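Okay, model.cif is below, mmCIF, C-alpha atoms:
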```cif
data_data
#
loop_
_atom_site.label_atom_id
_atom_site.label_comp_id
_atom_site.auth_asym_id
_atom_site.auth_seq_id
_atom_site.Cartn_x
_atom_site.Cartn_y
_atom_site.Cartn_z
CA MET K 23 137.40 -223.00 -93.21
CA LYS K 24 135.96 -224.49 -90.03
CA GLU K 25 138.25 -224.86 -87.03
CA ILE K 26 138.37 -227.70 -84.50
CA THR K 27 140.45 -227.23 -81.37
CA SER K 28 139.29 -230.04 -79.07
CA VAL K 29 140.33 -233.69 -79.22
CA ASN K 30 136.92 -234.48 -77.70
CA ASN K 31 135.04 -233.05 -80.66
CA GLU K 32 132.51 -235.63 -81.89
CA LYS K 33 133.70 -235.42 -85.49
CA ILE K 34 137.27 -236.10 -84.38
CA LYS K 35 136.13 -239.09 -82.33
CA ASP K 36 134.26 -240.40 -85.35
CA ILE K 37 137.32 -240.14 -87.63
CA VAL K 38 139.48 -241.92 -85.03
CA LYS K 39 136.95 -244.78 -84.97
CA LEU K 40 137.00 -244.88 -88.75
CA SER K 41 140.78 -245.27 -88.79
CA LYS K 42 140.68 -248.09 -86.24
CA SER K 43 137.59 -250.06 -87.30
CA ALA K 44 137.34 -252.10 -90.51
CA SER K 45 133.63 -252.70 -89.89
CA LYS K 46 132.98 -248.96 -89.61
CA ARG K 47 134.87 -248.35 -92.84
CA ARG K 48 132.81 -251.01 -94.61
CA GLU K 49 129.58 -249.68 -93.14
CA GLU K 50 130.24 -246.12 -94.31
CA SER K 51 132.19 -247.06 -97.47
CA VAL K 52 134.93 -244.57 -96.63
CA PHE K 53 138.51 -244.69 -95.35
CA THR K 54 141.24 -242.31 -94.19
CA VAL K 55 144.35 -241.20 -96.05
CA GLU K 56 147.19 -239.39 -94.28
CA GLY K 57 150.25 -237.42 -95.33
CA LEU K 58 151.13 -234.97 -98.09
CA ARG K 59 152.07 -237.50 -100.77
CA LEU K 60 149.07 -239.79 -100.31
CA VAL K 61 146.49 -237.03 -99.93
CA ALA K 62 147.86 -235.44 -103.11
CA GLU K 63 146.88 -238.66 -104.93
CA VAL K 64 143.22 -238.54 -103.84
CA PRO K 65 140.83 -238.10 -106.81
CA SER K 66 138.83 -234.94 -106.13
CA GLU K 67 135.50 -236.66 -106.81
CA ARG K 68 136.19 -239.13 -103.99
CA LEU K 69 137.19 -236.59 -101.33
CA ILE K 70 134.68 -236.44 -98.46
CA GLU K 71 136.48 -234.28 -95.87
CA ILE K 72 139.97 -232.94 -95.31
CA PHE K 73 141.72 -231.98 -92.05
CA VAL K 74 144.83 -229.82 -92.07
CA GLU K 75 147.04 -228.70 -89.20
CA GLU K 76 147.29 -224.91 -88.95
CA GLY K 77 151.10 -224.75 -89.16
CA PHE K 78 151.17 -227.19 -92.05
CA LEU K 79 148.59 -225.14 -93.90
CA GLU K 80 150.92 -222.15 -93.88
CA LYS K 81 153.71 -224.26 -95.38
CA LEU K 82 151.35 -225.57 -98.05
CA GLU K 83 150.28 -222.10 -99.06
CA ALA K 84 153.90 -220.99 -99.35
CA ALA K 85 154.89 -223.98 -101.48
CA SER K 86 151.79 -224.41 -103.64
CA ALA K 87 152.95 -222.21 -106.52
CA GLY K 88 154.78 -225.15 -108.12
CA ASP K 89 153.46 -228.32 -109.72
CA GLY K 90 154.13 -230.74 -106.86
CA ASN K 91 152.12 -232.45 -104.14
CA GLU K 92 151.60 -229.18 -102.29
CA LYS K 93 149.70 -227.73 -105.23
CA ASN K 94 147.49 -230.82 -105.50
CA VAL K 95 146.65 -230.76 -101.81
CA MET K 96 145.87 -227.03 -101.90
CA ARG K 97 143.52 -227.70 -104.82
CA LEU K 98 141.71 -230.34 -102.74
CA ILE K 99 141.54 -227.94 -99.78
CA ASP K 100 140.04 -225.23 -102.00
CA GLU K 101 137.44 -227.65 -103.35
CA ALA K 102 136.58 -228.87 -99.85
CA GLU K 103 136.22 -225.29 -98.61
CA LYS K 104 133.58 -224.64 -101.26
CA LYS K 105 131.65 -227.65 -99.96
CA ASP K 106 132.24 -226.67 -96.31
CA THR K 107 134.09 -229.95 -95.68
CA CYS K 108 137.54 -228.54 -94.84
CA PHE K 109 138.69 -228.35 -91.21
CA LYS K 110 141.68 -226.60 -89.70
CA VAL K 111 142.95 -228.33 -86.55
CA ASN K 112 145.69 -227.74 -84.00
CA GLN K 113 148.66 -230.02 -83.35
CA ALA K 114 146.93 -231.95 -80.55
CA VAL K 115 143.90 -232.74 -82.69
CA MET K 116 146.04 -233.83 -85.65
CA LYS K 117 148.03 -236.13 -83.36
CA LYS K 118 144.73 -237.61 -82.16
CA LEU K 119 143.61 -238.19 -85.74
CA SER K 120 146.91 -239.61 -86.93
CA ASP K 121 147.70 -243.31 -87.13
CA THR K 122 151.44 -242.57 -87.12
CA ASP K 123 153.92 -241.47 -84.47
CA SER K 124 154.85 -238.38 -86.49
CA PRO K 125 151.76 -236.81 -88.08
CA GLN K 126 152.40 -235.12 -91.41
CA GLY K 127 149.80 -232.40 -90.97
CA VAL K 128 147.03 -233.44 -93.37
CA LEU K 129 144.42 -236.20 -93.39
CA ALA K 130 141.54 -236.88 -95.77
CA VAL K 131 138.39 -239.00 -95.59
CA VAL K 132 137.86 -240.68 -98.97
CA SER K 133 135.04 -242.73 -100.48
CA MET K 134 135.74 -246.33 -101.47
CA GLU K 135 135.51 -247.24 -105.15
CA LYS K 136 134.00 -250.71 -105.25
CA HIS K 137 134.55 -253.06 -108.16
CA ASP K 138 132.89 -256.36 -108.94
CA ILE K 139 134.27 -259.51 -110.50
CA ALA K 140 132.77 -258.62 -113.90
CA GLU K 141 135.17 -255.69 -114.12
CA LEU K 142 138.12 -257.92 -113.24
CA MET K 143 137.15 -260.22 -116.10
CA GLY K 144 137.10 -257.29 -118.51
CA GLU K 145 133.33 -257.02 -118.73
CA SER K 146 131.01 -254.13 -117.93
CA GLY K 147 131.23 -253.38 -114.21
CA THR K 148 129.08 -252.09 -111.38
CA ARG K 149 129.17 -248.55 -112.75
CA GLY K 150 128.03 -249.68 -116.17
CA ARG K 151 131.34 -248.86 -117.83
CA ALA K 152 132.74 -251.29 -120.36
CA ALA K 153 136.30 -252.17 -119.40
CA ARG K 154 137.38 -254.65 -122.07
CA VAL K 155 140.77 -256.22 -121.47
CA LYS K 156 142.41 -258.27 -124.21
CA ALA K 157 144.17 -260.65 -121.82
CA PRO K 158 143.12 -260.19 -118.18
CA PHE K 159 145.99 -260.41 -115.68
CA ILE K 160 144.40 -260.98 -112.28
CA LEU K 161 146.00 -261.42 -108.87
CA ILE K 162 144.07 -263.43 -106.26
CA MET K 163 145.00 -263.20 -102.59
CA ASP K 164 143.87 -265.90 -100.16
CA ARG K 165 143.86 -265.07 -96.41
CA LEU K 166 146.73 -262.56 -96.57
CA GLN K 167 147.15 -261.06 -93.09
CA ASP K 168 150.00 -258.56 -93.11
CA PRO K 169 148.91 -255.01 -94.09
CA GLY K 170 152.42 -254.14 -95.27
CA ASN K 171 152.46 -257.17 -97.57
CA MET K 172 148.99 -256.36 -98.88
CA GLY K 173 149.87 -252.75 -99.63
CA THR K 174 153.19 -253.63 -101.24
CA ILE K 175 151.52 -256.23 -103.47
CA ILE K 176 148.88 -253.72 -104.60
CA ARG K 177 151.58 -251.18 -105.43
CA THR K 178 153.67 -253.78 -107.27
CA ALA K 179 150.56 -254.97 -109.14
CA GLU K 180 150.08 -251.53 -110.62
CA GLY K 181 153.71 -251.41 -111.72
CA ALA K 182 153.53 -254.87 -113.31
CA GLY K 183 150.35 -254.17 -115.26
CA VAL K 184 147.90 -256.30 -113.27
CA THR K 185 144.37 -255.56 -114.53
CA GLY K 186 142.51 -256.52 -111.35
CA ILE K 187 142.90 -257.91 -107.83
CA LEU K 188 140.56 -260.37 -106.11
CA ILE K 189 140.91 -260.69 -102.33
CA SER K 190 139.29 -263.14 -99.93
CA SER K 191 137.09 -261.47 -97.31
CA ASP K 192 139.14 -263.07 -94.50
CA SER K 193 142.27 -261.23 -95.61
CA VAL K 194 143.55 -258.07 -93.92
CA ASP K 195 141.42 -255.00 -94.67
CA VAL K 196 142.61 -253.32 -97.86
CA TYR K 197 141.58 -249.94 -96.44
CA SER K 198 143.39 -250.12 -93.10
CA PRO K 199 145.69 -247.09 -92.64
CA LYS K 200 148.86 -249.18 -92.81
CA THR K 201 147.77 -250.98 -95.98
CA VAL K 202 146.78 -247.70 -97.63
CA ARG K 203 150.17 -246.15 -96.77
CA SER K 204 151.99 -249.17 -98.20
CA THR K 205 150.18 -248.84 -101.54
CA MET K 206 151.77 -245.38 -102.05
CA GLY K 207 148.67 -244.22 -103.95
CA SER K 208 148.01 -247.36 -106.03
CA ILE K 209 144.87 -247.97 -103.93
CA PHE K 210 143.25 -245.20 -106.00
CA ARG K 211 144.11 -246.73 -109.35
CA MET K 212 143.83 -250.52 -109.03
CA LYS K 213 140.58 -252.43 -109.52
CA ILE K 214 140.11 -254.38 -106.30
CA CYS K 215 137.24 -256.76 -105.53
CA VAL K 216 136.69 -258.40 -102.14
CA SER K 217 135.21 -261.89 -102.45
CA GLU K 218 132.82 -263.44 -99.94
CA ASN K 219 133.25 -266.85 -101.60
CA LEU K 220 136.68 -267.08 -103.20
CA PRO K 221 136.46 -270.63 -104.69
CA GLU K 222 133.13 -269.74 -106.31
CA ASP K 223 134.47 -266.51 -107.78
CA ILE K 224 137.57 -268.29 -109.08
CA GLU K 225 135.29 -270.73 -110.91
CA ARG K 226 133.57 -267.72 -112.51
CA LEU K 227 136.94 -266.55 -113.79
CA LYS K 228 137.69 -269.99 -115.19
CA SER K 229 134.32 -270.10 -116.96
CA LYS K 230 135.45 -267.05 -118.96
CA GLY K 231 138.59 -268.79 -120.19
CA ILE K 232 140.96 -267.36 -117.59
CA VAL K 233 143.64 -269.90 -116.62
CA VAL K 234 144.25 -270.00 -112.88
CA PHE K 235 147.78 -270.63 -111.62
CA GLY K 236 148.51 -271.33 -107.97
CA THR K 237 151.85 -270.72 -106.28
CA HIS K 238 152.57 -273.89 -104.34
CA LEU K 239 155.59 -275.84 -103.07
CA ASN K 240 154.30 -278.92 -104.91
CA GLY K 241 153.93 -277.10 -108.22
CA LYS K 242 155.87 -277.39 -111.47
CA GLU K 243 158.74 -275.17 -112.57
CA PHE K 244 157.43 -271.60 -112.72
CA TYR K 245 159.62 -270.46 -115.62
CA ASP K 246 158.41 -273.26 -117.94
CA GLU K 247 154.90 -271.78 -118.27
CA ASP K 248 153.38 -269.42 -120.84
CA PHE K 249 151.57 -266.50 -119.22
CA THR K 250 150.72 -264.47 -122.32
CA GLY K 251 147.04 -265.47 -122.33
CA ALA K 252 144.25 -264.54 -119.90
CA ALA K 253 145.55 -265.61 -116.50
CA ALA K 254 145.00 -265.33 -112.75
CA PHE K 255 147.54 -266.08 -110.01
CA LEU K 256 146.82 -267.33 -106.49
CA ILE K 257 148.92 -265.95 -103.61
CA GLY K 258 148.43 -267.62 -100.24
CA ASN K 259 148.71 -266.74 -96.57
CA GLU K 260 152.17 -265.70 -95.34
CA GLY K 261 152.62 -268.72 -93.07
CA ARG K 262 150.22 -271.36 -94.35
CA GLY K 263 150.09 -270.73 -98.07
CA LEU K 264 146.92 -271.43 -100.04
CA SER K 265 143.95 -273.07 -98.32
CA ASP K 266 143.09 -276.52 -99.68
CA ALA K 267 139.79 -275.27 -101.10
CA VAL K 268 141.46 -272.44 -103.02
CA ALA K 269 144.45 -274.54 -104.16
CA ALA K 270 141.99 -277.09 -105.57
CA THR K 271 140.58 -274.46 -107.96
CA ALA K 272 143.94 -273.94 -109.70
CA ASP K 273 144.32 -275.25 -113.24
CA ARG K 274 148.06 -275.57 -112.60
CA LEU K 275 150.28 -275.28 -109.56
CA LEU K 276 153.58 -273.45 -109.92
CA ARG K 277 156.75 -273.43 -107.84
CA ILE K 278 159.26 -270.58 -107.81
CA PRO K 279 162.70 -272.24 -108.00
CA MET K 280 164.87 -271.93 -104.88
CA GLU K 281 168.61 -272.28 -104.45
CA GLY K 282 170.42 -273.05 -101.21
CA LYS K 283 168.35 -274.03 -98.19
CA VAL K 284 165.54 -271.51 -98.74
CA GLU K 285 162.13 -273.21 -98.79
CA SER K 286 159.87 -270.28 -99.62
CA LEU K 287 159.72 -266.52 -100.10
CA ASN K 288 157.76 -263.77 -98.38
CA ALA K 289 154.26 -263.43 -99.89
CA GLY K 290 155.04 -259.95 -101.23
CA VAL K 291 158.29 -261.10 -102.82
CA SER K 292 156.64 -264.20 -104.33
CA ALA K 293 153.89 -262.07 -105.82
CA ALA K 294 156.44 -259.65 -107.28
CA VAL K 295 158.46 -262.47 -108.88
CA VAL K 296 155.29 -263.87 -110.46
CA MET K 297 153.95 -260.52 -111.65
CA TYR K 298 157.15 -259.37 -113.27
CA GLU K 299 157.67 -262.66 -115.10
CA VAL K 300 154.18 -262.20 -116.56
CA LEU K 301 155.06 -258.63 -117.55
CA ARG K 302 158.34 -259.79 -119.11
CA GLN K 303 156.56 -262.41 -121.22
CA ARG K 304 153.82 -260.03 -122.32
CA ARG K 305 156.32 -257.37 -123.40
#
```
Show how you would write the structure in this file as structure tokens.
Amino acid sequence: MKEITSVNNEKIKDIVKLSKSASKRREESVFTVEGLRLVAEVPSERLIEIFVEEGFLEKLEAASAGDGNEKNVMRLIDEAEKKDTCFKVNQAVMKKLSDTDSPQGVLAVVSMEKHDIAELMGESGTRGRAARVKAPFILIMDRLQDPGNMGTIIRTAEGAGVTGILISSDSVDVYSPKTVRSTMGSIFRMKICVSENLPEDIERLKSKGIVVFGTHLNGKEFYDEDFTGAAAFLIGNEGRGLSDAVAATADRLLRIPMEGKVESLNAGVSAAVVMYEVLRQRR
């Protein structure tokens, strides 16, 4: 295992830039994952490098006899050592690498898994794998800006059985450290496609028989609709909702009913309400 002791090491500087820069992540098609629980979720085939604090490594070795996260992380460390891509660092270097106030002692660099819209529609995707889905259940996010909201929605989407997520390119970066943390590992399991032209891609979905529903204050009663067929759901910006161009693509606009003086819900909460009603109907 290689050892890095200086915060001025060029590799350390490069990883710090990767954590802070969305453009660098896109350019290199990699992102960082931090902490025992999240690193334990990393698929071994997507691991590029792993950095572990010396004191934390000792704790891992002592606890890795069981079947928990420690064992999974030790397995990744062993695999990285064979490829000469495992680095032991001191506390100062780990603090430099970390995006949090209290570093957890392990950080991994992971390759992105890119999906295209064909996969979201249940067709053969970029990797040539057929991924037929009887009734696609797609979530579409338009200009979402809060990384916590984005991550929470991705995590909830996995729990609700969403088959794919389409995100406008002007939304917050899916692979920012805060977004990744908020997904709690779902980032590795959900099919996510970033769209450079969201209205155009929505029309592609519609051409395949997928009904597009938009959450909107001027929509009809949400609970009156049937969501058991192929469907996609538009979730708009936290403050401004859906853009006019995206709202215009919806086959139907829906409104979540509100009691009292509440006018709208947080984007993450709205998405959860929608997703779990779809799951309820499909069960």
Name every residue that the PyMOL selection byres ((chain K and resi 189-202) around 6) selects in this structure, writing the answer as an NGL selection string with chains first and numbers rising. :K and (162-167 or 169-170 or 173 or 188 or 203-205 or 216-218 or 220)
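Using all atoms listed in the file, the nearest neighbour of K:Phe78 within the list K:Ala272, K:Leu129, K:Met23, K:Leu98 is K:Leu129.
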Please expand the PyMOL selection byres ((chain K and resi 181) around 12) into the concrete residues it hits in this file, giving the result as a VMD selection string. chain K and resid 174 to 180 182 to 185 205 to 208 211 to 212 294 297 to 298 300 to 301
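Under the PyMOL selection byres ((chain K and resi 73) around 9), the matching residues in the shown file are Glu71, Ile72, Val74, Glu75, Ile99, Thr107, Cys108, Phe109, Lys110, Val111, Met116, Gly127, Val128, Leu129, Ala130 and Val131 of chain K.
With all atoms listed in the file as the basis for measurement, K:Met143 is the residue among K:Ala289, K:Met143, K:Met172, K:Val295 that approaches K:Arg226 most closely.
Note that the spacing between atom CA of K:Arg262 and atom CA of K:His238 amounts to 10.6 Å.
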Near stretch 274-282 of chain K, counting only C-alpha atoms, which residues have an atom at most 6 Å away, once you skip same-chain residues fewer than 5 positions from it, shown as a PyMOL selection string? chain K and resi 235-239+241-244
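As for atom CA of K:Glu260 and atom CA of K:Arg302, they are spaced 25.3 Å apart.
Atom CA of K:Val115 sits 6.6 Å away from atom CA of K:Thr27.
Considering all atoms listed in the file, the residue among K:Leu264, K:Lys283, K:Lys213, K:Val38 positioned nearest to K:Lys118 is K:Val38.
Proximity ranking of K:Asp223, K:Glu103, K:Glu83, K:Glu145 relative to K:Ala254 places K:Asp223 first, based on only C-alpha atoms.
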Give me the residues of stretch 81-162 of chain K that have any atom at most 10 Å from an atom of stretch 47-51 of chain K; for each, the nearest atom pair and the distance in Å, rounded to one decimal. Use only C-alpha atoms, sort by chain and number, and format it as CSV.
```
residue,atom,partner,partner_atom,distance
K:Val132,CA,K:Ser51,CA,8.7
K:Ser133,CA,K:Ser51,CA,6.0
K:Met134,CA,K:Ser51,CA,5.4
K:Glu135,CA,K:Ser51,CA,8.4
K:Lys136,CA,K:Ser51,CA,8.8
```
Find the residue from K:Gly231, K:Lys33, K:Ile139, K:Pro65 that sits nearest to K:Lys156; use all atoms listed in the file when measuring. K:Gly231
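Using only C-alpha atoms, the smallest distance between any of K:Asn31, K:His137, K:Phe249, K:Pro221 and K:Arg305 comes from K:Phe249.
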Extract, using all atoms listed in the file, all DNA, RNA and protein residues at most 12 Å from K:Gln126, discarding same-chain residues fewer than 5 positions from it, and format them as a PyMOL selection string. chain K and resi 55-61+73-79+81-82+113+116-117+119-121
